[in-house]
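Peer 1: Dropping in protein.cif, which is mmCIF, C-alpha atoms:
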```cif
data_upload
loop_
_atom_site.label_atom_id
_atom_site.label_comp_id
_atom_site.auth_asym_id
_atom_site.auth_seq_id
_atom_site.Cartn_x
_atom_site.Cartn_y
_atom_site.Cartn_z
CA GLU A 10 -46.39 139.04 180.06
CA PRO A 11 -49.05 141.23 181.71
CA GLU A 12 -51.38 139.50 184.13
CA VAL A 13 -54.29 140.17 186.42
CA THR A 14 -53.31 140.30 190.08
CA GLN A 15 -55.51 139.88 193.14
CA THR A 16 -55.01 140.58 196.82
CA PRO A 17 -55.18 139.08 199.31
CA SER A 18 -54.72 135.49 198.23
CA HIS A 19 -56.63 134.32 201.30
CA GLN A 20 -59.03 136.30 203.49
CA VAL A 21 -60.58 134.96 206.68
CA THR A 22 -63.40 136.96 208.22
CA GLN A 23 -66.18 136.65 210.76
CA MET A 24 -69.78 136.41 209.65
CA GLY A 25 -71.33 139.86 209.39
CA GLN A 26 -68.06 141.64 208.67
CA GLU A 27 -67.34 143.63 205.54
CA VAL A 28 -64.61 142.50 203.18
CA ILE A 29 -63.01 144.16 200.20
CA LEU A 30 -61.31 142.05 197.58
CA ARG A 31 -58.86 143.82 195.33
CA CYS A 32 -57.85 143.28 191.75
CA VAL A 33 -55.47 145.00 189.37
CA PRO A 34 -56.61 144.23 185.82
CA ILE A 35 -54.29 144.23 182.84
CA SER A 36 -53.50 147.86 182.15
CA ASN A 37 -55.00 148.40 178.69
CA HIS A 38 -58.11 146.31 179.33
CA LEU A 39 -61.48 147.99 179.41
CA TYR A 40 -63.83 145.29 180.69
CA PHE A 41 -63.68 143.89 184.21
CA TYR A 42 -65.43 140.97 185.81
CA TRP A 43 -65.90 139.18 189.11
CA TYR A 44 -66.68 135.49 189.38
CA ARG A 45 -66.93 133.14 192.31
CA GLN A 46 -66.40 129.41 192.64
CA ILE A 47 -67.63 127.60 195.72
CA LEU A 48 -65.42 124.62 196.48
CA GLY A 49 -66.24 121.74 194.16
CA GLN A 50 -68.82 123.71 192.22
CA LYS A 51 -68.98 125.59 188.98
CA VAL A 52 -67.62 129.04 188.24
CA GLU A 53 -70.42 131.60 188.60
CA PHE A 54 -70.55 135.04 187.03
CA LEU A 55 -71.17 137.89 189.46
CA VAL A 56 -70.75 141.18 187.62
CA SER A 57 -69.19 142.92 184.66
CA PHE A 58 -68.00 146.51 184.65
CA TYR A 59 -67.26 148.85 181.78
CA ASN A 60 -66.83 152.59 181.47
CA ASN A 61 -67.13 153.04 185.23
CA GLU A 62 -70.45 151.34 185.59
CA ILE A 63 -71.95 147.90 185.95
CA SER A 64 -72.90 146.48 182.55
CA GLU A 65 -74.27 143.10 183.65
CA LYS A 66 -74.90 141.40 186.95
CA SER A 67 -76.23 138.03 188.00
CA GLU A 68 -78.86 137.14 190.57
CA ILE A 69 -76.08 136.37 193.05
CA PHE A 70 -74.92 140.00 192.94
CA ASP A 71 -77.48 141.40 195.38
CA ASP A 72 -77.41 144.53 197.55
CA GLN A 73 -74.69 143.02 199.75
CA PHE A 74 -72.24 143.28 196.88
CA SER A 75 -70.75 146.33 195.24
CA VAL A 76 -67.91 147.03 192.86
CA GLU A 77 -65.75 150.05 192.38
CA ARG A 78 -62.87 151.25 190.30
CA PRO A 79 -61.49 153.82 192.74
CA ASP A 80 -58.51 154.79 190.58
CA GLY A 81 -57.03 153.98 187.21
CA SER A 82 -55.71 150.60 188.22
CA ASN A 83 -57.70 148.91 190.99
CA PHE A 84 -61.03 147.12 190.71
CA THR A 85 -62.65 146.09 193.99
CA LEU A 86 -65.44 143.84 195.13
CA LYS A 87 -67.03 144.68 198.48
CA ILE A 88 -69.25 142.33 200.44
CA ARG A 89 -71.02 144.39 203.07
CA SER A 90 -72.09 141.79 205.61
CA THR A 91 -70.57 138.41 204.91
CA LYS A 92 -72.49 135.19 205.33
CA LEU A 93 -71.18 131.65 205.72
CA GLU A 94 -72.32 130.87 202.18
CA ASP A 95 -70.09 133.62 200.78
CA SER A 96 -67.10 131.36 201.42
CA ALA A 97 -65.66 130.72 197.99
CA MET A 98 -62.83 131.51 195.62
CA TYR A 99 -63.38 134.89 194.00
CA PHE A 100 -61.81 135.48 190.62
CA CYS A 101 -61.31 138.80 188.92
CA ALA A 102 -60.97 138.85 185.14
CA SER A 103 -60.34 141.52 182.56
CA GLY A 104 -60.65 141.77 178.81
CA LEU A 105 -59.75 144.13 176.03
CA ALA A 106 -63.24 143.92 174.60
CA GLY A 107 -66.52 142.69 175.98
CA GLY A 108 -68.71 139.72 175.30
CA ARG A 109 -67.22 137.28 172.87
CA ASN A 110 -63.65 138.12 173.54
CA GLU A 111 -60.98 136.60 175.68
CA GLN A 112 -61.05 137.17 179.42
CA PHE A 113 -57.91 136.81 181.50
CA PHE A 114 -58.42 135.53 185.01
CA GLY A 115 -56.48 136.51 188.10
CA PRO A 116 -55.22 133.88 190.58
CA GLY A 117 -58.19 134.36 192.89
CA THR A 118 -58.86 135.25 196.50
CA ARG A 119 -60.03 132.47 198.77
CA LEU A 120 -62.61 133.94 201.15
CA THR A 121 -63.40 131.99 204.30
CA VAL A 122 -66.29 133.22 206.43
CA LEU A 123 -66.39 131.80 209.97
CA GLN B 24 -82.55 128.54 183.36
CA LYS B 25 -79.59 128.21 181.03
CA GLU B 26 -77.73 124.96 181.56
CA VAL B 27 -74.31 123.80 180.45
CA GLU B 28 -73.71 120.10 181.04
CA GLN B 29 -70.45 118.24 181.18
CA ASN B 30 -69.57 114.75 182.29
CA SER B 31 -67.64 115.21 185.53
CA GLY B 32 -65.30 112.30 184.76
CA PRO B 33 -62.62 111.57 185.47
CA LEU B 34 -61.69 110.84 181.90
CA SER B 35 -58.51 108.81 181.93
CA VAL B 36 -56.37 108.51 178.79
CA PRO B 37 -52.85 107.23 178.20
CA GLU B 38 -50.09 109.63 177.25
CA GLY B 39 -50.08 110.27 173.50
CA ALA B 40 -53.76 109.46 173.02
CA ILE B 41 -56.58 111.77 171.96
CA ALA B 42 -58.76 113.09 174.77
CA SER B 43 -62.30 114.01 173.82
CA LEU B 44 -64.29 116.31 176.09
CA ASN B 45 -67.93 117.10 175.48
CA CYS B 46 -70.34 119.80 176.52
CA THR B 47 -74.03 120.33 175.83
CA TYR B 48 -76.01 123.50 176.38
CA SER B 49 -79.69 124.28 176.69
CA ASP B 50 -80.02 127.80 175.27
CA ARG B 51 -80.50 127.72 171.51
CA GLY B 52 -79.64 131.42 171.37
CA SER B 53 -76.10 130.78 172.62
CA GLN B 54 -73.51 132.50 170.48
CA SER B 55 -70.03 132.04 171.91
CA PHE B 56 -68.38 128.97 173.32
CA PHE B 57 -65.25 128.78 175.41
CA TRP B 58 -63.01 126.04 176.78
CA TYR B 59 -60.99 126.76 179.91
CA ARG B 60 -58.43 124.62 181.67
CA GLN B 61 -58.32 124.77 185.46
CA TYR B 62 -55.62 123.14 187.50
CA SER B 63 -56.53 122.26 191.07
CA GLY B 64 -56.59 125.37 193.24
CA LYS B 65 -55.84 127.66 190.30
CA SER B 66 -57.83 130.03 188.14
CA PRO B 67 -59.38 129.17 184.77
CA GLU B 68 -57.14 129.65 181.75
CA LEU B 69 -58.72 130.13 178.34
CA ILE B 70 -57.69 127.49 175.82
CA MET B 71 -60.01 128.16 172.90
CA PHE B 72 -63.16 129.91 171.83
CA ILE B 73 -65.42 129.13 168.89
CA TYR B 74 -68.37 130.99 167.42
CA SER B 75 -69.22 129.20 164.17
CA ASN B 76 -70.30 125.67 163.40
CA GLY B 77 -67.45 123.36 162.50
CA ASP B 78 -63.94 122.85 163.73
CA LYS B 79 -61.34 125.26 164.97
CA GLU B 80 -57.79 124.06 165.50
CA ASP B 81 -55.02 125.56 167.62
CA GLY B 82 -51.95 123.42 168.03
CA ARG B 83 -52.91 120.17 169.77
CA PHE B 84 -56.39 121.45 170.52
CA THR B 85 -59.47 121.31 168.30
CA ALA B 86 -62.84 122.75 169.26
CA GLN B 87 -65.91 121.44 167.47
CA LEU B 88 -69.28 123.18 167.48
CA ASN B 89 -72.62 121.82 166.37
CA LYS B 90 -75.34 124.37 167.05
CA ALA B 91 -78.13 122.20 165.66
CA SER B 92 -77.33 119.50 168.21
CA GLN B 93 -76.32 122.04 170.87
CA TYR B 94 -72.99 120.57 171.71
CA VAL B 95 -69.41 121.69 171.70
CA SER B 96 -66.41 119.46 172.15
CA LEU B 97 -62.69 119.77 172.73
CA LEU B 98 -60.18 117.32 171.35
CA ILE B 99 -56.68 117.19 172.75
CA ARG B 100 -54.24 115.33 170.51
CA ASP B 101 -51.03 113.75 171.80
CA SER B 102 -52.20 114.14 175.39
CA GLN B 103 -49.48 114.86 177.94
CA PRO B 104 -49.48 114.35 181.73
CA SER B 105 -49.35 118.16 182.00
CA ASP B 106 -52.80 118.26 180.35
CA SER B 107 -54.24 116.65 183.47
CA ALA B 108 -56.69 119.23 184.79
CA THR B 109 -60.37 120.09 184.87
CA TYR B 110 -61.72 121.43 181.59
CA LEU B 111 -64.54 123.95 181.83
CA CYS B 112 -66.99 124.69 179.07
CA ALA B 113 -68.54 128.18 179.11
CA VAL B 114 -71.32 129.50 176.91
CA THR B 115 -72.60 133.02 176.34
CA GLY B 116 -75.69 134.31 174.62
CA GLY B 117 -76.91 137.74 173.65
CA SER B 118 -76.29 139.18 177.11
CA TYR B 119 -72.65 137.98 177.11
CA ILE B 120 -73.06 136.63 180.64
CA PRO B 121 -71.16 133.34 180.61
CA THR B 122 -72.64 130.16 182.00
CA PHE B 123 -70.04 127.61 183.03
CA GLY B 124 -70.35 123.86 183.20
CA ARG B 125 -69.09 121.93 186.22
CA GLY B 126 -66.08 120.76 184.26
CA THR B 127 -64.62 117.42 183.24
CA SER B 128 -61.61 116.08 185.08
CA LEU B 129 -58.97 114.75 182.70
CA ILE B 130 -56.20 112.43 183.82
CA VAL B 131 -53.40 111.64 181.40
CA HIS B 132 -51.33 108.74 182.69
CA PRO B 133 -47.80 107.93 181.50
#
```
Translate the structure of the given file into structure tokens.
Peer 2:
Amino acid sequence: EPEVTQTPSHQVTQMGQEVILRCVPISNHLYFYWYRQILGQKVEFLVSFYNNEISEKSEIFDDQFSVERPDGSNFTLKIRSTKLEDSAMYFCASGLAGGRNEQFFGPGTRLTVL
Amino acid sequence: QKEVEQNSGPLSVPEGAIASLNCTYSDRGSQSFFWYRQYSGKSPELIMFIYSNGDKEDGRFTAQLNKASQYVSLLIRDSQPSDSATYLCAVTGGSYIPTFGRGTSLIVHP
């Protein structure tokens, strides 16, 4: 069964460093998403991406964040200058259609900022 | 500010019983409602979605939606120890940006 994959599973970085989190969505899906979940807290939407552009973004997704689909398979989230409060689990998700339809989540990348 | 509220639990039920999980939401314009299961340290897994008032059944799971009262619930029949997890309610409106609740921890004991 096809699934969303994410790498790395755990990333440790120093405050102020740039990180890139990688995701490979399910191959025939058209909509891509990033979420984060700080330990013990709720899942928070960051951004959705369709047709090679951002379709929605939340207030969390400020200028420090960017997303890219550099080729036909990868979908990346870049954090330019990490802060301590960026420490969280980051989930990528993909869906065949937008909005109301089912999103499939990847296993997540745990980001630890020291 | 759109809010989705869930009792954090834990909700403890014996094996074979019905577990009832509830969720209320603040935005009257909400259109789509999702239940996810999340095991500790894992990613959310979609169990059910519902758009219309009433009940929607899928196997042991039934989602119930009441838009007038702004709540959505999930019933799990014949609960199994493997159902022990945190259940997340998520709600979307016209923008399709989902708002998640904090989740309810369910413990099914043998």
Peer 1: Return the neighbours of chain A among the residues of chain B, cut-off 10 Å, counting all atoms listed in the file, as a compact mmCIF listing (two decimals) with C-alpha atoms, in the coordinates of the input.
Peer 2:
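Listing of selection_38.txt after writing:
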```
# COMPACT_ATOMS: atom_id res chain seq x y z
CA GLN B 54 -73.51 132.50 170.48
CA SER B 55 -70.03 132.04 171.91
CA PHE B 56 -68.38 128.97 173.32
CA PHE B 57 -65.25 128.78 175.41
CA GLY B 64 -56.59 125.37 193.24
CA LYS B 65 -55.84 127.66 190.30
CA SER B 66 -57.83 130.03 188.14
CA PRO B 67 -59.38 129.17 184.77
CA GLU B 68 -57.14 129.65 181.75
CA LEU B 69 -58.72 130.13 178.34
CA ILE B 70 -57.69 127.49 175.82
CA MET B 71 -60.01 128.16 172.90
CA PHE B 72 -63.16 129.91 171.83
CA ILE B 73 -65.42 129.13 168.89
CA TYR B 74 -68.37 130.99 167.42
CA LEU B 111 -64.54 123.95 181.83
CA ALA B 113 -68.54 128.18 179.11
CA VAL B 114 -71.32 129.50 176.91
CA THR B 115 -72.60 133.02 176.34
CA GLY B 116 -75.69 134.31 174.62
CA GLY B 117 -76.91 137.74 173.65
CA SER B 118 -76.29 139.18 177.11
CA TYR B 119 -72.65 137.98 177.11
CA ILE B 120 -73.06 136.63 180.64
CA PRO B 121 -71.16 133.34 180.61
CA THR B 122 -72.64 130.16 182.00
CA PHE B 123 -70.04 127.61 183.03
CA GLY B 124 -70.35 123.86 183.20
CA ARG B 125 -69.09 121.93 186.22
CA GLY B 126 -66.08 120.76 184.26
```
Peer 1: List the residues selected by the PyMOL selection byres ((chain B and resi 129) around 9) in the file shown, writing them as a ChimeraX atom specification.
Peer 2: /B:32-36,42,44,106-110,127-128,130-131
Peer 1: Considering all atoms listed in the file, can you say which of B:Gln93, B:Ser43, B:Gln61, B:Gln103 comes closest to Val27 in chain B?
Peer 2: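 Under the stated criterion, the closest residue is B:Gln93.
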Peer 1: With a distance cut-off of 12 Å and all atoms listed in the file, select the neighbouring residues of Thr85 in chain A, excluding the residue or stretch itself and same-chain residues fewer than 2 positions from it, and output the selection as a ChimeraX atom specification.
Peer 2: /A:14-17,28-34,41-43,56-58,74-83,87-88,99-102,118
Peer 1: Store the residues of this selection in a file with C-alpha atoms, as a compact mmCIF listing (two decimals), in the coordinates of the input.
Peer 2:
```txt
# COMPACT_ATOMS: atom_id res chain seq x y z
CA THR A 14 -53.31 140.30 190.08
CA GLN A 15 -55.51 139.88 193.14
CA THR A 16 -55.01 140.58 196.82
CA PRO A 17 -55.18 139.08 199.31
CA VAL A 28 -64.61 142.50 203.18
CA ILE A 29 -63.01 144.16 200.20
CA LEU A 30 -61.31 142.05 197.58
CA ARG A 31 -58.86 143.82 195.33
CA CYS A 32 -57.85 143.28 191.75
CA VAL A 33 -55.47 145.00 189.37
CA PRO A 34 -56.61 144.23 185.82
CA PHE A 41 -63.68 143.89 184.21
CA TYR A 42 -65.43 140.97 185.81
CA TRP A 43 -65.90 139.18 189.11
CA VAL A 56 -70.75 141.18 187.62
CA SER A 57 -69.19 142.92 184.66
CA PHE A 58 -68.00 146.51 184.65
CA PHE A 74 -72.24 143.28 196.88
CA SER A 75 -70.75 146.33 195.24
CA VAL A 76 -67.91 147.03 192.86
CA GLU A 77 -65.75 150.05 192.38
CA ARG A 78 -62.87 151.25 190.30
CA PRO A 79 -61.49 153.82 192.74
CA ASP A 80 -58.51 154.79 190.58
CA GLY A 81 -57.03 153.98 187.21
CA SER A 82 -55.71 150.60 188.22
CA ASN A 83 -57.70 148.91 190.99
CA LYS A 87 -67.03 144.68 198.48
CA ILE A 88 -69.25 142.33 200.44
CA TYR A 99 -63.38 134.89 194.00
CA PHE A 100 -61.81 135.48 190.62
CA CYS A 101 -61.31 138.80 188.92
CA ALA A 102 -60.97 138.85 185.14
CA THR A 118 -58.86 135.25 196.50
```
Peer 1: Find the spatial neighbours of Ser102 in chain B, counting only C-alpha atoms, within a cut-off of 6 Å - ignore same-chain residues fewer than 6 positions away - and output them as a ChimeraX atom specification.
Peer 2: /B:38-40
Peer 1: Determine the residue set returned by the PyMOL selection byres ((chain A and resi 12) around 6) for the present structure, and present it as a ChimeraX atom specification.
Peer 2: /A:11,13,35
Peer 1: List the residues selected by the PyMOL selection byres ((chain B and resi 100) around 6) in the file shown, writing them as a list in words.
Peer 2: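 Matching residues under the PyMOL selection byres ((chain B and resi 100) around 6) are Ile41, Arg83, Ile99, Asp101 and Ser102 of chain B.
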Peer 1: One decimal, Å: what's the distance from CA of Ser18 in chain A over to CA of Tyr44 in chain A, could you say?
Peer 2: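 Pair CA of Ser18 in chain A / CA of Tyr44 in chain A returns 14.9 Å.
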Peer 1: Would you mind reading off the distance between CA of Gly77 in chain B and CA of Ser103 in chain A, one decimal, in Å?
Peer 2: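 Between CA of Gly77 in chain B and CA of Ser103 in chain A the gap works out to 28.0 Å.
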Peer 1: Need the shell around Leu93 in chain A: protein/DNA/RNA residues with any atom at most 10 Å away, counting only C-alpha atoms. Skip same-chain ones fewer than 2 positions apart. Format as a list in words?
Peer 2: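 Here the answer would be Thr22, Gln23, Met24, Gly25, Thr91, Asp95, Ser96, Ala97, Leu120, Thr121, Val122 and Leu123 of chain A.
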Peer 1: Please determine, counting only C-alpha atoms, which residue among A:Gln20, A:Leu39, A:Glu10, A:Glu27 has the shortest atom-to-atom distance to Asn60 in chain A.
Peer 2: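 The shortest atom-to-atom distance to Asn60 in chain A comes from A:Leu39.
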Peer 1: Give as a PyMOL selection string the set of residues within 9 Å of the point (-78.3, 119.3, 171.3), where distances use the file's coordinates and only C-alpha atoms.
Peer 2: chain B and resi 47-49+51+89-94
Peer 1: Generate the output file for the selected residues, C-alpha atoms, as an mmCIF file, in the coordinates of the input.
Peer 2:
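Written out: selection-v1.cif:
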```
data_model
loop_
_atom_site.group_PDB
_atom_site.id
_atom_site.type_symbol
_atom_site.label_atom_id
_atom_site.label_comp_id
_atom_site.auth_asym_id
_atom_site.auth_seq_id
_atom_site.Cartn_x
_atom_site.Cartn_y
_atom_site.Cartn_z
ATOM 1 C CA THR B 47 -74.030 120.330 175.830
ATOM 2 C CA TYR B 48 -76.010 123.500 176.380
ATOM 3 C CA SER B 49 -79.690 124.280 176.690
ATOM 4 C CA ARG B 51 -80.500 127.720 171.510
ATOM 5 C CA ASN B 89 -72.620 121.820 166.370
ATOM 6 C CA LYS B 90 -75.340 124.370 167.050
ATOM 7 C CA ALA B 91 -78.130 122.200 165.660
ATOM 8 C CA SER B 92 -77.330 119.500 168.210
ATOM 9 C CA GLN B 93 -76.320 122.040 170.870
ATOM 10 C CA TYR B 94 -72.990 120.570 171.710
#
```
Peer 1: From the set B:Asn76, B:Glu26, B:Pro133, B:Phe84, which residue has the shortest atom-to-atom contact distance to Arg60 in chain B, counting only C-alpha atoms?
Peer 2: B:Phe84
Peer 1: CA of Gly82 in chain B and CA of Asn30 in chain B are how many Å apart?
Peer 2: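 Taking CA of Gly82 in chain B as the start and CA of Asn30 in chain B as the end point, the length is 24.3 Å.
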Peer 1: Quick one: range 58-84 of chain B with N, CA and C atoms, as a short mmCIF file (atom, residue, chain, number, x, y, z; two decimals), in the first residue's frame?
Peer 2:
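Final output, result.cif:
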```cif
data_model
loop_
_atom_site.label_atom_id
_atom_site.label_comp_id
_atom_site.auth_asym_id
_atom_site.auth_seq_id
_atom_site.Cartn_x
_atom_site.Cartn_y
_atom_site.Cartn_z
N TRP B 58 -12.25 12.43 12.23
CA TRP B 58 -11.72 11.77 13.42
C TRP B 58 -10.44 11.03 13.02
N TYR B 59 -9.37 11.32 13.78
CA TYR B 59 -8.09 10.66 13.59
C TYR B 59 -7.74 9.88 14.84
N ARG B 60 -7.03 8.81 14.65
CA ARG B 60 -6.46 8.06 15.77
C ARG B 60 -4.95 8.28 15.74
N GLN B 61 -4.37 8.53 16.92
CA GLN B 61 -2.94 8.76 17.02
C GLN B 61 -2.38 7.93 18.16
N TYR B 62 -1.57 6.95 17.80
CA TYR B 62 -0.86 6.20 18.82
C TYR B 62 0.33 7.04 19.29
N SER B 63 0.78 6.78 20.50
CA SER B 63 1.85 7.56 21.09
C SER B 63 3.10 7.55 20.21
N GLY B 64 3.57 8.72 19.86
CA GLY B 64 4.79 8.84 19.06
C GLY B 64 4.60 8.60 17.58
N LYS B 65 3.33 8.40 17.17
CA LYS B 65 3.05 8.12 15.76
C LYS B 65 2.26 9.26 15.13
N SER B 66 2.03 9.14 13.84
CA SER B 66 1.29 10.17 13.12
C SER B 66 -0.21 9.90 13.17
N PRO B 67 -1.02 10.94 12.95
CA PRO B 67 -2.47 10.74 12.92
C PRO B 67 -2.89 9.85 11.75
N GLU B 68 -3.89 9.03 12.01
CA GLU B 68 -4.43 8.12 10.99
C GLU B 68 -5.93 8.40 10.90
N LEU B 69 -6.40 8.73 9.70
CA LEU B 69 -7.81 9.06 9.54
C LEU B 69 -8.69 7.82 9.75
N ILE B 70 -9.69 7.98 10.62
CA ILE B 70 -10.65 6.90 10.86
C ILE B 70 -11.92 7.16 10.06
N MET B 71 -12.45 8.38 10.20
CA MET B 71 -13.72 8.68 9.55
C MET B 71 -13.82 10.16 9.26
N PHE B 72 -14.64 10.50 8.29
CA PHE B 72 -15.02 11.88 8.08
C PHE B 72 -16.53 11.94 7.87
N ILE B 73 -17.11 13.07 8.21
CA ILE B 73 -18.56 13.23 8.08
C ILE B 73 -18.84 14.66 7.68
N TYR B 74 -19.81 14.86 6.79
CA TYR B 74 -20.13 16.20 6.32
C TYR B 74 -21.57 16.60 6.64
N SER B 75 -22.45 15.60 6.75
CA SER B 75 -23.88 15.89 6.90
C SER B 75 -24.36 15.51 8.28
N ASN B 76 -25.38 16.20 8.74
CA ASN B 76 -25.99 15.86 10.02
C ASN B 76 -26.45 14.40 10.02
N GLY B 77 -26.29 13.77 11.18
CA GLY B 77 -26.75 12.40 11.32
C GLY B 77 -25.60 11.49 11.64
N ASP B 78 -25.80 10.22 11.35
CA ASP B 78 -24.82 9.20 11.66
C ASP B 78 -24.17 8.66 10.40
N LYS B 79 -22.92 8.28 10.57
CA LYS B 79 -22.20 7.60 9.49
C LYS B 79 -21.45 6.44 10.11
N GLU B 80 -21.69 5.24 9.59
CA GLU B 80 -21.11 4.05 10.19
C GLU B 80 -20.06 3.44 9.27
N ASP B 81 -18.99 2.95 9.89
CA ASP B 81 -17.95 2.23 9.15
C ASP B 81 -17.39 1.17 10.07
N GLY B 82 -17.86 -0.04 9.88
CA GLY B 82 -17.40 -1.13 10.74
C GLY B 82 -17.80 -0.90 12.18
N ARG B 83 -16.83 -0.91 13.09
CA ARG B 83 -17.12 -0.70 14.51
C ARG B 83 -17.25 0.78 14.88
N PHE B 84 -17.01 1.64 13.92
CA PHE B 84 -17.00 3.08 14.20
C PHE B 84 -18.26 3.76 13.66
#
```
